[in-house]
Amino acid sequence: LKALLNDMSETLDGLKRMRFIADMAAYGDEALKKKRKVATDRIPLYAGLSAANGLNPIPGLDVAADITVLLKLGNEVAHIYGLTSEQFEYIKRLLGPKAIPSLLAKIAQFAAKYLAKEGILLLLKQIATRATAKQVSKWVPFVGPLIAAGIGWQATFMLGEQLVAEAEELSKDILDGIIKGSDLPDDD
């Protein structure tokens with residue numbers, strides 16, 4: 001199956017390849033590397049949206065827009081790595097009662113951190129100094145909005161890289177759990 005999926009992805013070009021890689025299962029390290037490339041290639045788009053939002057002159061509205069951008073990025077990366085709520089339920093059923101409680105806790109923690117508005121707000125609070133600098137720089141004539149755009153780009157890019165790294169690590173843990181779970185004899 002690994003060879004078949006790899007061959008199929010190699011025969012596709014451009015957007016079709018990206019879409020196929022995003023939709024295929026993370027069956028091993030090679031698939032995870034491909035998924036990492038697809039996910040990291042999406043980060044500049046969202047960083048660009050955040051940078052454009054830095055030019056937004058309305059205080060408060062830019063924070064709401066940043067939250068929306070980060071939620072969309074989180075959902076897209078979760079989809080790429082198969083970490084959506086539908087997949088969580090499938091993973092729970094697949095692992096069954098042998099599921100490692102710590103793995104299920106990691107899945108829930110990931111969802112709360114990157115796929116919920118409250119989690120995104122906490123992430124923004126972690127980079128509060130940048131957010132404050134972004135707000136203050138908007139009041140500097142002429143160059144202020146450009147500085148705010150740069151700060152928005154950098155903050156979103158940094159959070160995007162963190163998101164991809166954590167999604168990949170969680171996917172590896174899930175894959176290991178599935179492999180270990182399939183090696184265990186049934187208690188029936």
# chains A, B, ... in the order shown; residues from 1 in each chain; ligands from 1
>>> residues_around(residues="stretch 51-63 of chain A", least_positions_apart="5", cutoff="7 Å", atoms="only C-alpha atoms", output="PDB file with C-alpha atoms, in the first residue's frame")
ATOM      1  CA  PRO A 145       1.180  49.851   8.910  1.00  0.00           C
ATOM      2  CA  LEU A 146       4.149  48.275   7.132  1.00  0.00           C
ATOM      3  CA  ALA A 148       2.415  45.949  11.641  1.00  0.00           C
ATOM      4  CA  ALA A 149       2.189  43.892   8.447  1.00  0.00           C
ATOM      5  CA  GLY A 150       5.684  42.504   9.021  1.00  0.00           C
ATOM      6  CA  GLY A 152       1.663  39.894  11.483  1.00  0.00           C
ATOM      7  CA  TRP A 153       3.582  37.891   8.871  1.00  0.00           C
TER       8      TRP A 153
END
>>> select_by_dssp(residues="stretch 16-142 of chain A", states="alpha helix (DSSP H)", output="ChimeraX atom specification")
/A:16-23,29-54,61-80,85-95,101-114,117-126,128-137
>>> residues_around(residues="A:Phe157", least_positions_apart="2", cutoff="7 Å", atoms="only C-alpha atoms", output="list in words")
Ile43, Pro44, Ala47, Trp153, Gln154, Ala155, Leu159, Gly160 and Glu161 of chain A
>>> atom_distance(atom1="atom CA of A:Lys125", atom2="atom CA of A:Ile67")
11.6 Å
>>> residues_around(residues="A:Phe110", least_positions_apart="4", cutoff="8 Å", atoms="only C-alpha atoms", output="PDB file with C-alpha atoms, in the first residue's frame")
ATOM      1  CA  LYS A 106      -2.644  14.543  23.277  1.00  0.00           C
ATOM      2  CA  TYR A 114      -5.216  24.852  17.470  1.00  0.00           C
ATOM      3  CA  LEU A 115      -8.800  24.154  16.438  1.00  0.00           C
ATOM      4  CA  GLU A 166       3.024  19.485  16.667  1.00  0.00           C
ATOM      5  CA  ALA A 167       0.643  17.980  14.092  1.00  0.00           C
TER       6      ALA A 167
END
>>> residues_around(residues="A:Ala31", least_positions_apart="2", cutoff="10 Å", atoms="only C-alpha atoms", output="VMD selection string")
chain A and resid 2 5 to 6 9 21 to 22 24 to 29 33 to 37 81
>>> write_last_selection(atoms="C-alpha atoms", output="PDB file, in the first residue's frame")
ATOM      1  CA  LYS A   2       2.856   2.363   0.823  1.00  0.00           C
ATOM      2  CA  LEU A   5       0.277   5.500  -2.613  1.00  0.00           C
ATOM      3  CA  ASN A   6       3.807   6.781  -3.198  1.00  0.00           C
ATOM      4  CA  SER A   9       1.438  10.748  -5.610  1.00  0.00           C
ATOM      5  CA  ILE A  21      -0.908  13.975  -0.330  1.00  0.00           C
ATOM      6  CA  ALA A  22      -3.145  16.003   1.990  1.00  0.00           C
ATOM      7  CA  MET A  24      -3.909  10.197   1.891  1.00  0.00           C
ATOM      8  CA  ALA A  25      -3.266   8.422   5.164  1.00  0.00           C
ATOM      9  CA  ALA A  26      -0.043   9.063   7.070  1.00  0.00           C
ATOM     10  CA  TYR A  27       1.192   5.495   6.648  1.00  0.00           C
ATOM     11  CA  GLY A  28       4.827   6.125   7.541  1.00  0.00           C
ATOM     12  CA  ASP A  29       7.738   8.530   7.741  1.00  0.00           C
ATOM     13  CA  LYS A  33       7.577  14.140   5.130  1.00  0.00           C
ATOM     14  CA  LYS A  34       5.346  14.756   2.126  1.00  0.00           C
ATOM     15  CA  LYS A  35       2.564  16.027   4.367  1.00  0.00           C
ATOM     16  CA  ARG A  36       5.031  18.347   6.117  1.00  0.00           C
ATOM     17  CA  LYS A  37       6.008  19.848   2.755  1.00  0.00           C
ATOM     18  CA  TYR A  81      -2.451  15.303   8.899  1.00  0.00           C
TER      19      TYR A  81
END
>>> atom_distance(atom1="atom CA of A:Met158", atom2="atom CA of A:Glu89")
29.4 Å
>>> atom_distance(atom1="atom CA of A:Leu163", atom2="atom CA of A:Val77")
7.6 Å
>>> closest_residue(among="A:Leu122, A:Met8, A:Ala39, A:Leu15", to="A:His79", atoms="only C-alpha atoms")
A:Ala39
